[in-house]
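Shown next: model-v8.cif, given as mmCIF, C-alpha atoms and all ligand atoms.
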data_final
loop_
_atom_site.label_atom_id
_atom_site.label_comp_id
_atom_site.auth_asym_id
_atom_site.auth_seq_id
_atom_site.Cartn_x
_atom_site.Cartn_y
_atom_site.Cartn_z
CA MET A 295 4.04 -23.08 -18.73
CA GLU A 296 6.43 -20.17 -18.79
CA TRP A 297 5.44 -17.01 -16.92
CA ILE A 298 4.58 -14.04 -19.13
CA ARG A 299 5.31 -10.54 -17.87
CA ILE A 300 2.10 -8.54 -18.31
CA TYR A 301 2.96 -5.35 -16.43
CA GLU A 302 5.99 -3.71 -14.86
CA GLY A 303 5.56 -0.82 -12.44
CA LYS A 304 8.04 1.13 -10.34
CA ALA A 305 8.20 -1.40 -7.51
CA LYS A 306 6.45 -4.53 -8.81
CA ILE A 307 6.07 -6.84 -11.80
CA LEU A 308 2.99 -8.87 -12.69
CA PHE A 309 3.20 -12.27 -14.42
CA GLU A 310 0.57 -14.47 -15.98
CA THR A 311 1.27 -18.12 -15.16
CA GLY A 312 -1.40 -19.80 -17.26
CA GLU A 313 -3.63 -20.33 -14.24
CA ARG A 314 -7.08 -18.82 -14.76
CA GLY A 315 -8.09 -16.05 -12.37
CA SER A 316 -4.71 -15.55 -10.74
CA VAL A 317 -1.44 -13.75 -11.49
CA VAL A 318 1.91 -13.46 -9.71
CA GLN A 319 3.00 -10.16 -8.18
CA ARG A 320 6.81 -9.84 -7.82
CA PHE A 321 8.24 -7.23 -5.44
CA LYS A 322 11.38 -5.35 -6.58
CA ASN A 323 14.12 -3.66 -4.56
CA ASP A 324 13.74 -0.57 -6.78
CA ALA A 325 12.45 2.54 -5.06
CA THR A 326 11.21 5.79 -6.57
CA ALA A 327 9.83 8.99 -5.12
CA PHE A 328 8.35 12.27 -6.35
CA ASN A 329 6.83 10.59 -9.40
CA ALA A 330 10.09 8.81 -10.21
CA LEU A 331 12.25 11.96 -10.16
CA LYS A 332 14.25 10.22 -7.41
CA LYS A 333 15.36 6.65 -8.08
CA GLY A 334 17.22 4.11 -6.00
CA SER A 335 17.34 0.58 -4.71
CA ILE A 336 16.87 -0.67 -1.16
CA PRO A 337 18.57 -4.02 -0.45
CA ASN A 338 16.06 -6.80 0.38
CA LYS A 339 13.08 -4.43 0.10
CA GLY A 340 11.33 -6.80 -2.33
CA ALA A 341 11.45 -9.71 0.11
CA ILE A 342 10.56 -7.61 3.15
CA ASN A 343 7.60 -5.89 1.45
CA CYS A 344 6.31 -9.12 -0.13
CA GLN A 345 6.36 -10.92 3.21
CA LEU A 346 5.02 -7.97 5.23
CA SER A 347 2.19 -7.49 2.72
CA SER A 348 1.39 -11.22 2.83
CA HIS A 349 1.25 -11.07 6.62
CA LEU A 350 -1.01 -7.99 6.67
CA PHE A 351 -3.33 -9.26 3.91
CA GLN A 352 -3.83 -12.46 5.93
CA PHE A 353 -4.50 -10.42 9.07
CA LEU A 354 -7.13 -8.34 7.23
CA GLU A 355 -8.69 -11.43 5.57
CA SER A 356 -9.04 -13.09 8.96
CA ASN A 357 -10.97 -9.98 10.03
CA GLY A 358 -13.40 -9.95 7.13
CA ILE A 359 -11.66 -7.69 4.58
CA ARG A 360 -11.46 -9.36 1.18
CA THR A 361 -8.00 -8.98 -0.36
CA HIS A 362 -6.38 -10.19 -3.57
CA PHE A 363 -3.85 -12.30 -1.61
CA LEU A 364 -3.90 -16.03 -2.40
CA GLU A 365 -0.50 -17.47 -1.48
CA ARG A 366 3.15 -16.47 -1.12
CA ILE A 367 5.16 -18.67 -3.49
CA SER A 368 8.74 -17.35 -3.01
CA PRO A 369 10.45 -14.71 -0.85
CA ILE A 370 9.51 -12.04 -3.44
CA ASP A 371 6.52 -13.56 -5.27
CA MET A 372 2.88 -13.54 -4.24
CA LYS A 373 0.05 -15.30 -6.06
CA ILE A 374 -2.92 -12.93 -6.21
CA ARG A 375 -6.42 -12.83 -7.67
CA GLN A 376 -6.55 -11.28 -11.11
CA LEU A 377 -8.53 -8.06 -10.73
CA ARG A 378 -9.66 -5.18 -12.87
CA MET A 379 -8.12 -2.31 -10.92
CA VAL A 380 -10.01 0.87 -10.08
CA GLY A 381 -7.84 3.78 -11.29
CA LEU A 382 -7.69 5.44 -7.88
CA GLU A 383 -5.28 5.60 -4.96
CA VAL A 384 -7.20 5.74 -1.69
CA VAL A 385 -5.35 7.42 1.16
CA VAL A 386 -6.42 7.18 4.80
CA ARG A 387 -4.72 9.52 7.27
CA ASN A 388 -4.63 9.45 11.06
CA ARG A 389 -2.02 12.19 11.55
CA VAL A 390 -0.78 15.06 9.44
CA ALA A 391 2.23 14.15 7.25
CA GLY A 392 3.51 14.35 3.69
CA SER A 393 1.36 16.21 1.20
CA LEU A 394 -1.18 17.17 3.90
CA VAL A 395 1.45 19.37 5.59
CA LYS A 396 1.68 21.38 2.38
CA ARG A 397 -2.03 21.29 1.50
CA LEU A 398 -3.43 22.39 4.88
CA GLY A 399 -0.42 24.13 6.41
CA MET A 400 -0.67 21.96 9.53
CA GLU A 401 2.32 20.71 11.49
CA GLU A 402 3.64 17.21 10.77
CA GLY A 403 2.50 14.74 13.43
CA THR A 404 -0.68 16.61 14.43
CA PRO A 405 -3.29 13.95 15.33
CA LEU A 406 -6.52 14.14 13.31
CA ALA A 407 -9.80 14.08 15.26
CA GLN A 408 -11.13 11.57 12.73
CA PRO A 409 -9.44 9.71 9.87
CA ILE A 410 -9.30 11.65 6.59
CA LEU A 411 -10.07 9.78 3.38
CA GLU A 412 -8.66 11.09 0.10
CA TRP A 413 -8.90 9.97 -3.52
CA TYR A 414 -6.08 10.38 -6.03
CA TYR A 415 -6.44 9.80 -9.77
CA LYS A 416 -3.82 7.18 -10.73
CA ARG A 417 -2.14 8.96 -13.63
CA ASP A 418 1.67 9.21 -13.56
CA ASP A 419 1.66 11.75 -16.40
CA LEU A 420 -0.47 14.09 -14.25
CA GLY A 421 1.39 13.34 -11.00
CA ASP A 422 -1.58 11.45 -9.43
CA PRO A 423 -3.76 14.50 -8.64
CA LEU A 424 -6.18 14.71 -5.70
CA VAL A 425 -9.76 14.31 -6.96
CA ASN A 426 -13.24 14.46 -5.45
CA ARG A 427 -16.42 12.43 -6.07
CA ASP A 428 -17.55 14.71 -8.89
CA HIS A 429 -14.23 14.27 -10.70
CA ILE A 430 -14.43 10.51 -10.21
CA ARG A 431 -17.96 10.46 -11.64
CA ILE A 432 -16.99 12.56 -14.67
CA LEU A 433 -13.95 10.38 -15.31
CA ARG A 434 -16.14 7.25 -14.83
CA LEU A 435 -13.48 5.75 -12.55
CA ALA A 436 -16.02 4.02 -10.29
CA GLU A 437 -19.77 3.83 -9.79
CA ASP A 438 -21.07 5.69 -6.72
CA ALA A 439 -21.97 2.42 -4.97
CA VAL A 440 -18.51 0.97 -5.63
CA LEU A 441 -16.86 4.15 -4.38
CA ALA A 442 -18.94 4.01 -1.19
CA GLN A 443 -17.90 0.39 -0.67
CA ILE A 444 -14.23 1.26 -1.27
CA GLY A 445 -14.45 4.06 1.29
CA GLN A 446 -16.01 1.73 3.87
CA MET A 447 -13.40 -1.00 3.26
CA ALA A 448 -10.53 1.50 3.50
CA LYS A 449 -11.82 2.91 6.78
CA ARG A 450 -12.46 -0.56 8.19
CA ALA A 451 -8.94 -1.66 7.22
CA ASN A 452 -7.56 1.43 8.98
CA ASP A 453 -9.66 0.66 12.08
CA LEU A 454 -8.19 -2.87 12.17
CA LEU A 455 -4.60 -1.87 11.40
CA VAL A 456 -4.21 1.06 13.83
CA PRO A 457 -4.57 -1.06 17.02
CA TYR A 458 -2.65 -3.95 15.42
CA PHE A 459 0.36 -1.68 14.89
CA ALA A 460 -0.13 0.13 18.22
CA GLU A 461 0.24 -3.23 20.03
CA ARG A 462 3.63 -3.49 18.31
CA GLY A 463 4.79 0.00 19.29
CA ILE A 464 4.11 1.53 15.88
CA LEU A 465 2.02 4.53 14.92
CA LEU A 466 0.18 4.07 11.61
CA VAL A 467 0.30 7.67 10.37
CA ASP A 468 -1.26 7.19 6.93
CA MET A 469 -1.61 4.60 4.18
CA LYS A 470 -2.47 4.18 0.50
CA PHE A 471 -4.79 1.44 -0.74
CA GLU A 472 -5.78 0.27 -4.21
CA PHE A 473 -8.87 -1.78 -5.03
CA GLY A 474 -10.09 -3.93 -7.89
CA THR A 475 -13.00 -6.13 -8.93
CA ASP A 476 -13.08 -9.74 -10.09
CA GLU A 477 -15.15 -10.99 -13.04
CA THR A 478 -18.28 -11.16 -10.87
CA GLY A 479 -17.89 -7.53 -9.75
CA SER A 480 -16.81 -8.36 -6.17
CA LEU A 481 -14.46 -5.80 -4.68
CA PHE A 482 -11.04 -6.74 -3.24
CA LEU A 483 -8.21 -4.80 -1.59
CA GLY A 484 -5.19 -5.12 -3.90
CA ASP A 485 -1.64 -3.85 -4.42
CA GLU A 486 0.51 -4.03 -1.25
CA ILE A 487 0.63 -2.85 2.35
CA SER A 488 4.20 -2.01 3.30
CA GLY A 489 6.69 0.69 4.19
CA ASP A 490 6.47 1.81 0.55
CA THR A 491 2.75 2.59 0.81
CA CYS A 492 2.22 3.56 4.46
CA ARG A 493 3.86 5.85 7.00
CA PHE A 494 4.96 4.04 10.14
CA TRP A 495 6.51 5.86 13.10
CA ASP A 496 7.99 4.43 16.26
CA ALA A 497 5.22 5.11 18.78
CA THR A 498 7.60 6.53 21.41
CA THR A 499 10.31 8.38 19.47
CA HIS A 500 8.30 9.12 16.29
CA ASP A 501 11.31 7.87 14.29
CA LYS A 502 10.29 7.11 10.70
CA MET A 503 10.33 3.42 9.69
CA ASP A 504 9.07 3.72 6.09
CA LYS A 505 9.83 5.11 2.64
CA ASP A 506 10.09 8.67 3.99
CA ARG A 507 13.63 7.60 5.00
CA PHE A 508 14.34 7.23 1.26
CA ARG A 509 12.27 10.27 0.17
CA GLN A 510 14.00 12.53 2.72
CA ASP A 511 17.50 10.94 2.63
CA LEU A 512 17.34 9.99 6.31
CA GLY A 513 19.68 6.95 5.96
CA LYS A 514 19.38 3.49 7.57
CA ILE A 515 16.60 2.60 5.15
CA GLU A 516 17.05 -1.19 4.97
CA GLU A 517 17.62 -1.36 8.76
CA ASN A 518 14.30 0.37 9.38
CA TYR A 519 12.36 -1.76 6.86
CA LEU A 520 13.79 -4.82 8.62
CA ALA A 521 13.07 -3.50 12.12
CA LEU A 522 9.49 -2.73 11.05
CA PHE A 523 9.10 -6.26 9.65
CA ARG A 524 10.39 -7.89 12.83
CA ARG A 525 8.17 -5.81 15.09
CA VAL A 526 5.05 -6.46 13.08
CA THR A 527 5.45 -10.16 12.26
CA ARG A 528 7.61 -11.16 15.24
CA HIS A 529 9.84 -13.25 13.00
CA GLU A 530 12.70 -12.92 10.50
CA PRO A 531 12.05 -12.48 6.78
CA GLU A 532 13.21 -15.11 4.29
CA ILE A 533 15.84 -13.22 2.32
P1 LIG A 601 1.25 11.80 0.69
O1 LIG A 601 1.25 12.41 2.06
O2 LIG A 601 2.53 12.00 -0.05
O3 LIG A 601 0.04 12.22 -0.10
O4 LIG A 601 1.12 10.21 0.89
C1 LIG A 601 0.06 9.63 1.60
C2 LIG A 601 0.31 8.13 1.77
O5 LIG A 601 0.30 7.48 0.51
C3 LIG A 601 1.65 7.77 2.40
O6 LIG A 601 1.43 6.68 3.29
C4 LIG A 601 2.51 7.34 1.26
C5 LIG A 601 1.53 6.79 0.28
N1 LIG A 601 1.89 7.04 -1.11
C6 LIG A 601 2.03 5.97 -1.98
O7 LIG A 601 1.87 4.80 -1.60
N2 LIG A 601 2.34 6.23 -3.28
C7 LIG A 601 2.50 7.48 -3.75
O8 LIG A 601 2.77 7.66 -4.95
C8 LIG A 601 2.35 8.59 -2.84
C9 LIG A 601 2.54 10.00 -3.30
C10 LIG A 601 2.05 8.31 -1.53
#

Could you render the structure as structure tokens?
Amino acid sequence: MEWIRIYEGKAKILFETGERGSVVQRFKNDATAFNALKKGSIPNKGAINCQLSSHLFQFLESNGIRTHFLERISPIDMKIRQLRMVGLEVVVRNRVAGSLVKRLGMEEGTPLAQPILEWYYKRDDLGDPLVNRDHIRILRLAEDAVLAQIGQMAKRANDLLVPYFAERGILLVDMKFEFGTDETGSLFLGDEISGDTCRFWDATTHDKMDKDRFRQDLGKIEENYLALFRRVTRHEPEI
């Protein structure tokens, strides 16, 4: 059966393949920032992010975090569970960076005494605003119990990923997660985990190895995505 494109986002495309309960997530080289005001393309980003995400989803699964990952079926295509997505972006921060610099007036790189969890309402037309539990309840984005479970899973994923990256000489500064439920209501970590959705710094030099290189025009973007991939997975990506 021919694949049917059911959704196209800024960095990924979703296809229905005719198989019940699963869809295919294709990773694009396209990159955007500042709510798509800045647009570009990073060579081989699709393959690198697909394979890095596959690697990290398998790592988290093997440590008890349920994810939507089922199987990687090409360098840029991942078979995933079909989920009903919660309309929130969940950010976990270990150090001050990005929008937190502006919001709290703290210096970039300042370590946080405990991880900060933030919720953003996934609405491009509003610029994905920061929201709290009351907003989420009013908007009926998630039941309180589901939200609590999402918060626990996000923090647990951070607790697993921080030492995993530290062992590879990388500081996990912050990350964005998205979650969804299957037809039985079970919660899964979805979307992707890559240099597009996390901040990764070299642990010694604090050099940026993620999408901030694109956002801030720092150059050597593909080189850094590749270097990150090699350090984390300890092998070469299939390009
Ligand atoms: P922020 O500091 O810009 O709020 O970003 C926090 C984290 O979320 C950072 O790791 C980058 C990631 N992120 C996304 O994945 N998508 C987005 O649209 C934004 C704004 C941030």

Test item: residues at most 12 Å from A:Asn452, all atoms listed in the file, excluding those fewer than 2 positions along its chain, as number ranges by chain = A: 350, 354, 357, 359, 384-388, 408-411, 445-450, 454-460, 465-471, 487, 492

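Taking atom CA of A:His429 and atom CA of A:Thr475 as endpoints, the distance between them is 20.5 Å.
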
Determine, counting all atoms listed in the file, which protein, DNA and RNA residues have an atom within 9 Å of an atom of stretch 315-319 of chain A; residues of the same chain fewer than 4 positions away are not included. Present the result as a PyMOL selection string.
-> chain A and resi 297+306-311+344+364+367+370-377+476-477+485

What do you get as a VMD selection string if you pick all residues at most 10 Å from ligand LIG 601 (chain A), counting only C-alpha atoms and all ligand atoms?
-> chain A and resid 304 326 to 330 383 to 387 390 to 397 412 to 414 416 418 421 to 424 466 to 472 485 to 494 504 to 506 509

Distance criterion (only C-alpha atoms): nearest to A:Arg434 out of A:Trp495, A:Val380, A:Lys514, A:Glu296 =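 Of the candidates, the smallest distance to A:Arg434 is held by A:Val380.
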
Extending 6 Å beyond the listed atoms of stretch 378-383 of chain A on each side, what axis-aligned box results? I want centre and edge lengths in Å to one decimal, as lines of an AutoDock Vina configuration file.
center_x = -7.6
center_y = 0.2
center_z = -8.9
size_x = 16.7
size_y = 22.8
size_z = 19.9

Kindly give the distance, in Å, that separates atom CA of A:Phe523 and atom CA of A:Glu365, rounded to a single decimal.
->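 Those two atoms sit 18.5 Å apart.
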
What lies within 8 Å of A:Thr404 using all atoms listed in the file, ignoring chain neighbours under 3 positions off, as a PyMOL selection string?
-> chain A and resi 389-390+400-401

Write out, as a PDB file, in the coordinates of the input, the residues just selected, with C-alpha atoms.
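Dumped to again-v9.pdb:
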ATOM      1  CA  ARG A 389      -2.020  12.190  11.550  1.00  0.00           C
ATOM      2  CA  VAL A 390      -0.780  15.060   9.440  1.00  0.00           C
ATOM      3  CA  MET A 400      -0.670  21.960   9.530  1.00  0.00           C
ATOM      4  CA  GLU A 401       2.320  20.710  11.490  1.00  0.00           C
TER       5      GLU A 401
END
